[in-house]
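*Asks:* input-v1.cif is reproduced in full below (mmCIF, C-alpha atoms).
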data_target
#
loop_
_atom_site.label_atom_id
_atom_site.label_comp_id
_atom_site.auth_asym_id
_atom_site.auth_seq_id
_atom_site.Cartn_x
_atom_site.Cartn_y
_atom_site.Cartn_z
CA MET A 1 133.88 97.64 129.67
CA ASN A 2 136.20 96.79 126.79
CA ILE A 3 135.66 97.30 123.07
CA TRP A 4 134.10 93.83 122.58
CA ASN A 5 131.42 94.45 125.22
CA PHE A 6 130.74 97.82 123.64
CA LEU A 7 130.21 96.31 120.18
CA HIS A 8 128.05 93.53 121.55
CA PHE A 9 125.93 96.16 123.32
CA PHE A 10 124.94 97.48 119.90
CA ALA A 11 124.69 94.07 118.25
CA ALA A 12 122.34 92.90 121.00
CA SER A 13 119.75 95.34 119.73
CA GLN A 14 119.82 93.49 116.38
CA PRO A 15 120.14 96.19 113.74
CA ALA A 16 117.58 94.61 111.46
CA ALA A 17 115.36 93.42 114.29
CA GLU A 18 111.86 92.58 113.22
CA HIS A 19 109.46 93.79 115.82
CA ALA A 20 105.72 93.18 115.81
CA GLY A 21 105.23 94.89 112.43
CA GLY A 22 107.32 92.35 110.56
CA THR A 23 109.30 94.87 108.50
CA PRO A 24 112.93 95.39 109.54
CA GLU A 25 114.01 98.86 110.64
CA LEU A 26 117.38 100.25 111.65
CA PRO A 27 117.44 101.12 115.37
CA HIS A 28 117.43 104.75 116.53
CA PHE A 29 118.65 106.14 119.83
CA ILE A 30 115.19 106.13 121.40
CA GLU A 31 114.89 102.43 120.60
CA PHE A 32 118.24 101.84 122.34
CA LEU A 33 116.99 103.68 125.42
CA HIS A 34 113.78 101.69 125.28
CA ILE A 35 115.53 98.34 125.12
CA HIS A 36 118.38 98.95 127.54
CA VAL A 37 116.96 101.44 130.01
CA GLY A 38 113.17 101.31 130.12
CA GLY A 39 110.96 103.05 132.62
CA PRO A 40 107.85 105.22 132.21
CA PHE A 41 109.62 108.32 130.85
CA VAL A 42 111.46 106.32 128.15
CA ASN A 43 108.18 104.55 127.28
CA PHE A 44 106.63 107.95 126.79
CA LEU A 45 109.53 109.00 124.55
CA PHE A 46 109.22 105.77 122.57
CA GLU A 47 105.52 106.31 121.94
CA TYR A 48 106.08 109.80 120.61
CA LYS A 49 109.34 109.06 118.81
CA ASP A 50 108.27 110.54 115.48
CA VAL A 51 107.09 113.73 117.16
CA ILE A 52 110.46 113.96 118.90
CA PHE A 53 112.42 113.48 115.69
CA GLY A 54 110.24 116.05 113.92
CA PHE A 55 110.82 118.42 116.79
CA MET A 56 114.55 117.94 116.59
CA VAL A 57 114.48 118.98 112.93
CA LEU A 58 112.32 121.97 113.83
CA ILE A 59 114.65 123.12 116.60
CA PHE A 60 117.67 122.70 114.33
CA MET A 61 116.05 124.88 111.66
CA CYS A 62 114.99 127.50 114.20
CA ILE A 63 118.43 127.70 115.80
CA VAL A 64 120.23 128.05 112.46
CA SER A 65 117.90 130.77 111.16
CA MET A 66 117.83 132.72 114.42
CA ARG A 67 121.60 132.74 114.68
CA VAL A 68 122.01 133.89 111.09
CA TYR A 69 119.37 136.58 111.58
CA SER A 70 120.90 137.94 114.77
CA LYS A 71 124.36 138.18 113.17
CA ARG A 72 123.20 139.35 109.77
CA SER A 73 124.89 142.14 107.87
CA ILE A 74 123.44 143.66 104.75
CA LYS A 75 126.62 144.93 103.08
CA THR A 76 129.08 142.14 103.88
CA PRO A 77 127.20 138.90 104.41
CA LYS A 78 129.35 136.10 105.70
CA HIS A 79 129.35 132.37 105.10
CA LEU A 80 126.17 130.88 106.54
CA GLN A 81 124.12 133.94 105.73
CA ASN A 82 125.31 133.74 102.11
CA LEU A 83 124.30 130.11 101.91
CA LEU A 84 120.85 130.72 103.34
CA GLU A 85 120.30 133.72 101.05
CA LEU A 86 121.32 131.56 98.08
CA ILE A 87 118.79 128.94 99.12
CA VAL A 88 115.97 131.44 99.65
CA GLU A 89 116.63 133.22 96.36
CA GLY A 90 116.72 129.88 94.58
CA PHE A 91 113.34 129.01 96.07
CA GLN A 92 111.89 132.38 95.10
CA SER A 93 112.94 132.13 91.47
CA PHE A 94 111.75 128.52 91.31
CA PHE A 95 108.30 129.21 92.75
CA SER A 96 107.94 132.43 90.74
CA SER A 97 108.46 130.45 87.55
CA ILE A 98 105.32 128.46 88.41
CA LEU A 99 103.14 130.90 90.32
CA GLY A 100 104.14 134.19 88.69
CA GLU A 101 106.14 137.07 90.22
CA LYS A 102 103.71 138.36 92.85
CA TRP A 103 102.35 135.04 94.10
CA GLY A 104 105.76 133.37 93.99
CA ARG A 105 107.07 135.99 96.40
CA HIS A 106 104.02 135.60 98.64
CA TYR A 107 104.11 131.84 98.90
CA THR A 108 107.89 131.30 99.02
CA PRO A 109 108.06 131.27 102.87
CA PHE A 110 105.44 128.55 103.21
CA LEU A 111 106.59 126.37 100.33
CA GLY A 112 110.30 126.84 101.04
CA THR A 113 109.84 125.90 104.69
CA LEU A 114 107.77 122.90 103.64
CA PHE A 115 110.54 121.74 101.32
CA LEU A 116 113.33 122.20 103.88
CA TYR A 117 111.31 120.58 106.67
CA ILE A 118 110.50 117.48 104.63
CA LEU A 119 114.04 117.28 103.24
CA LEU A 120 115.68 117.50 106.66
CA MET A 121 113.25 115.01 108.15
CA ASN A 122 114.05 112.59 105.33
CA TRP A 123 117.80 113.09 105.78
CA PHE A 124 117.60 112.54 109.55
CA GLY A 125 116.85 108.89 108.90
CA LEU A 126 120.17 108.47 107.11
CA ILE A 127 122.20 109.72 110.09
CA PRO A 128 123.24 106.73 112.25
CA PHE A 129 120.85 106.28 115.17
CA GLY A 130 118.35 108.66 113.63
CA LYS A 131 114.92 108.01 112.16
CA SER A 132 113.00 109.81 109.44
CA ALA A 133 109.85 111.16 111.03
CA THR A 134 108.29 111.03 107.56
CA ALA A 135 108.51 107.23 107.63
CA ASN A 136 105.25 107.32 109.57
CA TRP A 137 101.97 108.14 107.88
CA ALA A 138 101.04 110.12 110.99
CA THR A 139 103.68 112.69 110.00
CA THR A 140 103.01 113.02 106.29
CA ALA A 141 99.22 113.04 106.52
CA PRO A 142 99.04 116.27 108.59
CA LEU A 143 101.44 117.96 106.16
CA ALA A 144 99.26 116.94 103.21
CA VAL A 145 96.07 117.99 105.03
CA LEU A 146 97.70 121.34 105.85
CA VAL A 147 98.52 121.93 102.18
CA PHE A 148 94.99 120.87 101.18
CA LEU A 149 93.32 123.23 103.67
CA TYR A 150 95.62 126.12 102.74
CA VAL A 151 94.94 125.59 99.01
CA GLN A 152 91.16 125.54 99.53
CA TYR A 153 91.33 128.63 101.75
CA THR A 154 93.47 130.37 99.13
CA GLY A 155 90.96 129.47 96.43
CA MET A 156 88.03 130.76 98.43
CA ARG A 157 89.77 133.95 99.45
CA ARG A 158 91.55 134.92 96.22
CA LEU A 159 88.92 133.77 93.76
CA GLY A 160 85.91 134.64 95.87
CA PRO A 161 83.42 131.96 96.91
CA LEU A 162 81.37 132.26 93.70
CA LYS A 163 84.32 131.80 91.35
CA TYR A 164 85.65 129.00 93.57
CA LEU A 165 82.37 127.12 93.15
CA ASP A 166 82.49 127.92 89.45
CA HIS A 167 85.98 126.39 89.29
CA LEU A 168 84.73 123.27 91.07
CA MET A 169 81.84 122.89 88.65
CA GLY A 170 84.25 122.95 85.72
CA GLU A 171 83.37 126.50 84.59
CA PRO A 172 80.01 125.91 82.86
CA ARG A 173 79.43 128.41 80.05
CA SER A 174 77.28 126.70 77.46
CA VAL A 175 74.20 124.48 77.76
CA ILE A 176 76.18 121.27 77.45
CA THR A 177 78.62 122.17 80.23
CA TRP A 178 75.71 123.20 82.46
CA VAL A 179 74.07 119.82 81.89
CA LEU A 180 77.34 118.08 82.79
CA VAL A 181 77.64 119.90 86.14
CA PRO A 182 76.17 117.02 88.24
CA LEU A 183 78.95 114.88 86.75
CA ASN A 184 81.72 117.45 86.98
CA LEU A 185 81.11 118.54 90.56
CA PRO A 186 81.52 115.13 92.29
CA ILE A 187 84.52 114.31 90.08
CA HIS A 188 86.23 117.58 91.00
CA ILE A 189 85.45 117.15 94.70
CA ILE A 190 86.77 113.59 94.71
CA GLY A 191 89.82 114.79 92.81
CA GLU A 192 90.44 117.48 95.41
CA LEU A 193 90.10 114.95 98.21
CA ALA A 194 92.40 112.48 96.47
CA LYS A 195 95.20 115.06 96.39
CA PRO A 196 96.17 115.01 100.11
CA LEU A 197 95.78 111.22 100.13
CA SER A 198 98.18 110.74 97.25
CA LEU A 199 100.63 113.38 98.53
CA SER A 200 100.90 111.81 101.98
CA LEU A 201 101.01 108.20 100.79
CA ARG A 202 103.64 108.94 98.16
CA LEU A 203 106.00 110.54 100.69
CA PHE A 204 105.30 107.92 103.38
CA GLY A 205 105.71 104.95 101.02
CA ASN A 206 108.93 106.21 99.48
CA ILE A 207 110.67 107.04 102.74
CA THR A 208 109.53 103.85 104.50
CA GLY A 209 110.64 101.86 101.45
CA GLU A 210 114.13 103.32 101.53
CA ASP A 211 114.39 102.76 105.31
CA VAL A 212 113.33 99.13 104.95
CA LEU A 213 115.81 98.69 102.08
CA LEU A 214 118.67 99.98 104.23
CA ALA A 215 117.64 97.78 107.16
CA ALA A 216 117.31 94.68 104.98
CA PHE A 217 120.78 95.11 103.51
CA THR A 218 122.27 95.85 106.93
CA GLY A 219 120.77 92.60 108.20
CA LEU A 220 122.23 90.80 105.20
CA GLY A 221 125.64 92.27 105.95
CA VAL A 222 125.42 91.11 109.56
CA MET A 223 124.33 87.63 108.49
CA VAL A 224 127.26 87.29 106.11
CA LEU A 225 129.82 87.59 108.91
CA ALA A 226 127.74 85.88 111.59
CA PHE A 227 129.58 82.56 111.16
CA ILE A 228 132.61 83.94 113.02
CA GLY A 229 130.43 85.47 115.74
CA SER A 230 131.40 89.01 114.80
CA PRO A 231 129.27 91.81 116.28
CA VAL A 232 129.76 93.93 113.15
CA GLY A 233 128.93 92.98 109.59
CA LEU A 234 129.96 93.91 106.07
CA PRO A 235 128.66 97.41 105.22
CA LEU A 236 126.50 96.15 102.35
CA GLN A 237 124.05 99.00 102.81
CA LEU A 238 126.55 101.72 101.79
CA PRO A 239 125.61 101.91 98.06
CA PHE A 240 121.97 102.26 99.03
CA TYR A 241 122.69 105.33 101.13
CA PHE A 242 123.29 107.22 97.86
CA LEU A 243 119.99 105.95 96.46
CA ALA A 244 118.31 106.98 99.72
CA LEU A 245 119.84 110.48 99.49
CA LEU A 246 118.53 110.80 95.93
CA THR A 247 115.01 109.60 96.66
CA SER A 248 114.75 111.71 99.84
CA THR A 249 115.58 114.85 97.88
CA ILE A 250 113.32 113.95 94.96
CA GLN A 251 110.36 113.16 97.21
CA ALA A 252 110.69 116.43 99.11
CA LEU A 253 110.91 118.24 95.75
CA VAL A 254 107.86 116.44 94.35
CA PHE A 255 105.76 117.18 97.44
CA THR A 256 106.62 120.86 97.27
CA LEU A 257 106.25 121.06 93.49
CA LEU A 258 102.83 119.43 93.52
CA SER A 259 101.71 121.78 96.31
CA THR A 260 102.91 124.70 94.17
CA VAL A 261 100.95 123.41 91.19
CA TYR A 262 97.81 123.06 93.35
CA PHE A 263 98.27 126.67 94.46
CA SER A 264 98.72 127.85 90.88
CA MET A 265 95.48 126.14 89.89
CA MET A 266 93.58 127.96 92.64
CA LEU A 267 95.04 131.42 92.08
CA PRO A 268 93.52 133.88 89.58
CA HIS A 269 95.28 133.17 86.32
CA GLU A 270 92.80 134.02 83.60
CA GLU A 271 93.22 137.80 83.54
CA HIS A 272 96.75 138.85 82.56
CA GLU A 273 99.60 136.53 81.67
CA GLU A 274 102.83 138.24 82.61
CA HIS A 275 105.42 135.62 81.71
CA MET B 1 94.93 77.13 101.18
CA ASP B 2 94.59 79.36 104.25
CA PHE B 3 94.79 83.10 104.05
CA SER B 4 98.45 83.28 105.14
CA THR B 5 99.47 81.18 102.15
CA ALA B 6 97.23 83.21 99.87
CA LEU B 7 98.72 86.48 101.16
CA SER B 8 102.31 85.25 100.89
CA PHE B 9 101.58 84.20 97.34
CA SER B 10 99.69 87.20 96.07
CA LEU B 11 101.42 90.16 97.75
CA PRO B 12 104.78 89.85 95.98
CA ILE B 13 103.05 89.08 92.66
CA GLY B 14 100.82 92.14 93.05
CA LEU B 15 103.81 94.32 93.81
CA ALA B 16 105.73 92.92 90.86
CA LEU B 17 102.80 93.64 88.51
CA ALA B 18 102.63 97.22 89.77
CA ALA B 19 106.37 97.52 89.20
CA ILE B 20 106.02 96.24 85.61
CA GLY B 21 103.33 98.81 84.84
CA SER B 22 105.32 101.60 86.40
CA GLY B 23 108.47 100.53 84.57
CA LEU B 24 106.70 100.69 81.21
CA GLY B 25 105.14 104.06 82.02
CA LEU B 26 108.40 105.55 83.23
CA GLY B 27 110.25 104.26 80.17
CA ARG B 28 107.82 106.08 77.90
CA ALA B 29 107.84 109.29 79.95
CA VAL B 30 111.61 109.54 80.35
CA GLY B 31 112.16 108.49 76.74
CA SER B 32 109.94 111.29 75.46
CA ALA B 33 111.66 113.74 77.79
CA MET B 34 115.09 112.71 76.49
CA GLU B 35 113.91 113.12 72.90
CA ALA B 36 112.49 116.55 73.64
CA MET B 37 115.71 117.60 75.39
CA GLY B 38 117.69 116.43 72.38
CA ARG B 39 115.54 118.49 70.03
CA GLN B 40 115.74 121.70 72.09
CA PRO B 41 118.74 121.78 74.41
CA GLU B 42 117.83 125.32 75.59
CA ALA B 43 114.62 124.06 77.18
CA ALA B 44 116.40 121.16 78.88
CA GLY B 45 116.00 122.63 82.38
CA LYS B 46 112.22 122.97 82.19
CA ILE B 47 111.80 119.60 80.53
CA GLN B 48 113.92 117.98 83.22
CA VAL B 49 111.76 119.44 86.01
CA GLY B 50 108.62 118.24 84.30
CA MET B 51 110.15 114.83 83.79
CA ILE B 52 110.99 114.51 87.51
CA ILE B 53 107.43 115.42 88.51
CA GLY B 54 105.95 113.01 85.99
CA ALA B 55 108.29 110.25 87.09
CA ALA B 56 107.34 110.75 90.74
CA LEU B 57 103.64 110.65 89.92
CA ILE B 58 104.03 107.40 87.97
CA GLU B 59 106.29 105.92 90.65
CA ALA B 60 103.66 106.75 93.27
CA LEU B 61 101.37 104.06 91.94
CA THR B 62 103.95 101.38 92.70
CA ILE B 63 104.50 102.96 96.09
CA TYR B 64 100.77 102.67 96.86
CA SER B 65 101.08 98.96 96.13
CA LEU B 66 104.15 98.79 98.40
CA VAL B 67 102.21 100.51 101.19
CA GLY B 68 99.48 97.90 100.86
CA PHE B 69 102.21 95.27 101.04
CA PHE B 70 103.52 96.72 104.32
CA ILE B 71 100.05 96.85 105.84
CA LEU B 72 99.16 93.29 104.92
CA SER B 73 102.55 91.64 105.45
CA GLY B 74 102.16 91.90 109.22
CA LYS B 75 99.08 89.73 108.98
CA ILE B 76 100.94 86.76 107.53
CA GLY B 77 101.29 84.21 110.29
CA ALA B 78 99.09 86.12 112.71
CA HIS B 79 95.54 84.98 113.32
#
Would you write the structure of this file as structure tokens?
*Replies:*
Amino acid sequence: MNIWNFLHFFAASQPAAEHAGGTPELPHFIEFLHIHVGGPFVNFLFEYKDVIFGFMVLIFMCIVSMRVYSKRSIKTPKHLQNLLELIVEGFQSFFSSILGEKWGRHYTPFLGTLFLYILLMNWFGLIPFGKSATANWATTAPLAVLVFLYVQYTGMRRLGPLKYLDHLMGEPRSVITWVLVPLNLPIHIIGELAKPLSLSLRLFGNITGEDVLLAAFTGLGVMVLAFIGSPVGLPLQLPFYFLALLTSTIQALVFTLLSTVYFSMMLPHEEHEEH
Amino acid sequence: MDFSTALSFSLPIGLALAAIGSGLGLGRAVGSAMEAMGRQPEAAGKIQVGMIIGAALIEALTIYSLVGFFILSGKIGAH
């Protein structure tokens, strides 16, 4: 097995191969196993490939945090612990600026984990032979539904069911606003239901778009050098990796920021403003 | 004209129209943000965060059109 056979092994999987969907995608290691090995276990892995990639991110995050926690020291924190503390404190100040001191502290674990999970899943697709699990609507929709359910539960618990209903009806105080309740209530409910839809579709569309962009330019690069029968192509997709890094980070930030804003709308904010 | 031709014709045009609208909207939003940052450089951090959120919300509309493109593009040539 010389170097030429090795390169042709990869080229045979056609980096910008268009499978039944029609949109080109860069291959990941499960797709390689599926094409070159096959068998019932690999078919099972291929069906659940997004779950597996999501799990890999999860296990990476768990291993890093457990190692840092087991070797933590309060007086002389070392390198990785310093970095993680910097990240967590940054999250806390950021969420406190939107939610207020007390609620920012309370919701930092959930929102910070959400941000890091989505960010790492997005970045996994940029590693060679990796895939972003968020490039599948089946990954982003549960995240959006989770945020939606948590926000509604927070509203009902912190505001009380009566005030929650009051909030949904648009807070009727005078005769006119009471008359407008049959208009306000469906609009608010549809607005609440549109939130998880838009959150999930925004993340899914952006990440799939950047994956398809990378795959299309990789295919172009391969086509450019195909006339000499070369198994590698020009790396035309390199500039777009920077764009993909930027949009991955921005989309994770926007998902988390919008979730924070939805929380702040459902938390009691009318009483005292302690800015 | 069969539906494959109609789809191949209308999907890119629809996406381009969504991109035009989003380009105009983003130009206005980012332009106002730049002006505000120029007026009050101390508030630049907060304005920048708000600008990023606004830009992502406006961009999302084009992304919805792109998602529709992905869903329908597989149906071109399939019957």
*Asks:* Could you tell me which of B:Ile13, B:Ile63, B:Ile76, B:Phe69 comes closest to chain A if we count only C-alpha atoms?
*Replies:*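 Closest candidate: B:Ile63.
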*Asks:* Of the candidates A:Lys75, A:His34, A:Arg105, A:Lys195, which one gets nearest to chain B if we count all atoms listed in the file?
*Replies:* A:Lys195
*Asks:* Rounded to one decimal place, report the CA of Tyr241 (chain A)-CA of Ile52 (chain B) distance in Å.
*Replies:*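 Separation of CA of Tyr241 (chain A) and CA of Ile52 (chain B): 20.2 Å.
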*Asks:* Would you please work out which residue, of A:Leu26, A:Ile207, A:Val64, A:Ile190, is nearest to chain B when using only C-alpha atoms?
*Replies:*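 Of A:Leu26, A:Ile207, A:Val64, A:Ile190, the one nearest chain B, counting only C-alpha atoms, is A:Ile207.
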*Asks:* Can you list what the PyMOL selection byres ((chain B and resi 33-39) around 12) grabs from this structure, as a PyMOL selection string?
*Replies:* chain B and resi 26-32+40-55
*Asks:* Run through the PyMOL selection byres ((chain B and resi 8) around 12) on the given coordinates and return the selected residues as a list in words.
*Replies:* Met1, Asp2, Phe3, Ser4, Thr5, Ala6, Leu7, Phe9, Ser10, Leu11, Pro12, Ile13, Gly14, Leu15, Phe69, Leu72, Ser73, Gly74, Lys75, Ile76 and Gly77 of chain B
*Asks:* Can you check which residues of chain A have any atom within 8 Å of chain B? Use only C-alpha atoms and format it as a PyMOL selection string.
*Replies:* chain A and resi 20-23+198+201-202+205-206+209+250-251+254+257-258
*Asks:* Would you list the contacts of Ile189 (chain A) as a ChimeraX atom specification, taking every protein, DNA or RNA residue within 8 Å and counting only C-alpha atoms, but skipping same-chain residues closer than 4 positions in sequence?
*Replies:* /A:168,185,193
*Asks:* In Å, with one decimal, what is the gap from CA of Pro235 (chain A) to CA of Pro128 (chain A)?
*Replies:*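 CA of Pro128 (chain A) lies 12.9 Å from CA of Pro235 (chain A).
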*Asks:* Which residues, written as number ranges by chain, have at least one atom at most 12 Å from Leu126 (chain A), with all atoms listed in the file counted and residues fewer than 4 positions away on the same chain left out?
*Replies:* A: 25-28, 119-122, 130-133, 135, 207-208, 210-215, 237-238, 240-248
*Asks:* Would you mind reading off the distance between CA of Asp166 (chain A) and CA of Trp103 (chain A), one decimal, in Å?
*Replies:*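 Atom-to-atom, CA of Asp166 (chain A) to CA of Trp103 (chain A), that is 21.6 Å.
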*Asks:* Report the residues retrieved by the PyMOL selection byres ((chain A and resi 104) around 12) from the displayed file, expressed as a list in words.
*Replies:* Val88, Glu89, Gly90, Phe91, Gln92, Ser93, Phe94, Phe95, Ser96, Ser97, Ile98, Leu99, Gly100, Glu101, Lys102, Trp103, Arg105, His106, Tyr107, Thr108, Pro109, Phe110, Leu111, Gly112, Thr260, Val261, Phe263, Ser264 and Leu267 of chain A
*Asks:* When you get a chance, write out N, CA and C atoms for region 41-64 of chain B, as a PDB file, in the frame of the given file.
*Replies:*
ATOM      1  N   PRO B  41     117.897 121.768  73.204  1.00  0.00           N
ATOM      2  CA  PRO B  41     118.740 121.780  74.410  1.00  0.00           C
ATOM      3  C   PRO B  41     118.541 123.002  75.297  1.00  0.00           C
ATOM      4  N   GLU B  42     118.009 124.140  74.738  1.00  0.00           N
ATOM      5  CA  GLU B  42     117.830 125.320  75.590  1.00  0.00           C
ATOM      6  C   GLU B  42     116.745 125.071  76.627  1.00  0.00           C
ATOM      7  N   ALA B  43     115.728 124.279  76.255  1.00  0.00           N
ATOM      8  CA  ALA B  43     114.620 124.060  77.180  1.00  0.00           C
ATOM      9  C   ALA B  43     114.869 122.891  78.103  1.00  0.00           C
ATOM     10  N   ALA B  44     116.112 122.399  78.137  1.00  0.00           N
ATOM     11  CA  ALA B  44     116.400 121.160  78.880  1.00  0.00           C
ATOM     12  C   ALA B  44     116.054 121.277  80.348  1.00  0.00           C
ATOM     13  N   GLY B  45     116.274 122.478  80.950  1.00  0.00           N
ATOM     14  CA  GLY B  45     116.000 122.630  82.380  1.00  0.00           C
ATOM     15  C   GLY B  45     114.535 122.401  82.693  1.00  0.00           C
ATOM     16  N   LYS B  46     113.655 123.084  81.910  1.00  0.00           N
ATOM     17  CA  LYS B  46     112.220 122.970  82.190  1.00  0.00           C
ATOM     18  C   LYS B  46     111.731 121.560  81.933  1.00  0.00           C
ATOM     19  N   ILE B  47     112.256 120.949  80.847  1.00  0.00           N
ATOM     20  CA  ILE B  47     111.800 119.600  80.530  1.00  0.00           C
ATOM     21  C   ILE B  47     112.222 118.643  81.636  1.00  0.00           C
ATOM     22  N   GLN B  48     113.425 118.877  82.172  1.00  0.00           N
ATOM     23  CA  GLN B  48     113.920 117.980  83.220  1.00  0.00           C
ATOM     24  C   GLN B  48     113.035 118.048  84.458  1.00  0.00           C
ATOM     25  N   VAL B  49     112.622 119.300  84.831  1.00  0.00           N
ATOM     26  CA  VAL B  49     111.760 119.440  86.010  1.00  0.00           C
ATOM     27  C   VAL B  49     110.450 118.724  85.798  1.00  0.00           C
ATOM     28  N   GLY B  50     109.880 118.922  84.586  1.00  0.00           N
ATOM     29  CA  GLY B  50     108.620 118.240  84.300  1.00  0.00           C
ATOM     30  C   GLY B  50     108.767 116.732  84.306  1.00  0.00           C
ATOM     31  N   MET B  51     109.923 116.278  83.824  1.00  0.00           N
ATOM     32  CA  MET B  51     110.150 114.830  83.790  1.00  0.00           C
ATOM     33  C   MET B  51     110.202 114.259  85.202  1.00  0.00           C
ATOM     34  N   ILE B  52     110.876 115.000  86.131  1.00  0.00           N
ATOM     35  CA  ILE B  52     110.990 114.510  87.510  1.00  0.00           C
ATOM     36  C   ILE B  52     109.609 114.424  88.152  1.00  0.00           C
ATOM     37  N   ILE B  53     108.770 115.458  87.917  1.00  0.00           N
ATOM     38  CA  ILE B  53     107.430 115.420  88.510  1.00  0.00           C
ATOM     39  C   ILE B  53     106.647 114.254  87.955  1.00  0.00           C
ATOM     40  N   GLY B  54     106.689 114.105  86.604  1.00  0.00           N
ATOM     41  CA  GLY B  54     105.950 113.010  85.990  1.00  0.00           C
ATOM     42  C   GLY B  54     106.416 111.662  86.485  1.00  0.00           C
ATOM     43  N   ALA B  55     107.751 111.526  86.611  1.00  0.00           N
ATOM     44  CA  ALA B  55     108.290 110.250  87.090  1.00  0.00           C
ATOM     45  C   ALA B  55     107.823 109.949  88.502  1.00  0.00           C
ATOM     46  N   ALA B  56     107.774 110.995  89.365  1.00  0.00           N
ATOM     47  CA  ALA B  56     107.340 110.750  90.740  1.00  0.00           C
ATOM     48  C   ALA B  56     105.882 110.369  90.792  1.00  0.00           C
ATOM     49  N   LEU B  57     105.063 110.994  89.908  1.00  0.00           N
ATOM     50  CA  LEU B  57     103.640 110.650  89.920  1.00  0.00           C
ATOM     51  C   LEU B  57     103.428 109.206  89.469  1.00  0.00           C
ATOM     52  N   ILE B  58     104.195 108.767  88.439  1.00  0.00           N
ATOM     53  CA  ILE B  58     104.030 107.400  87.970  1.00  0.00           C
ATOM     54  C   ILE B  58     104.546 106.425  89.012  1.00  0.00           C
ATOM     55  N   GLU B  59     105.685 106.772  89.623  1.00  0.00           N
ATOM     56  CA  GLU B  59     106.290 105.920  90.650  1.00  0.00           C
ATOM     57  C   GLU B  59     105.347 105.744  91.828  1.00  0.00           C
ATOM     58  N   ALA B  60     104.524 106.786  92.087  1.00  0.00           N
ATOM     59  CA  ALA B  60     103.660 106.750  93.270  1.00  0.00           C
ATOM     60  C   ALA B  60     102.712 105.574  93.232  1.00  0.00           C
ATOM     61  N   LEU B  61     102.317 105.161  92.010  1.00  0.00           N
ATOM     62  CA  LEU B  61     101.370 104.060  91.940  1.00  0.00           C
ATOM     63  C   LEU B  61     101.981 102.764  92.458  1.00  0.00           C
ATOM     64  N   THR B  62     103.279 102.546  92.136  1.00  0.00           N
ATOM     65  CA  THR B  62     103.950 101.380  92.700  1.00  0.00           C
ATOM     66  C   THR B  62     104.104 101.513  94.204  1.00  0.00           C
ATOM     67  N   ILE B  63     104.320 102.758  94.661  1.00  0.00           N
ATOM     68  CA  ILE B  63     104.500 102.960  96.090  1.00  0.00           C
ATOM     69  C   ILE B  63     103.203 102.681  96.833  1.00  0.00           C
ATOM     70  N   TYR B  64     102.032 103.005  96.191  1.00  0.00           N
ATOM     71  CA  TYR B  64     100.770 102.670  96.860  1.00  0.00           C
ATOM     72  C   TYR B  64     100.683 101.165  97.048  1.00  0.00           C
TER      73      TYR B  64
END
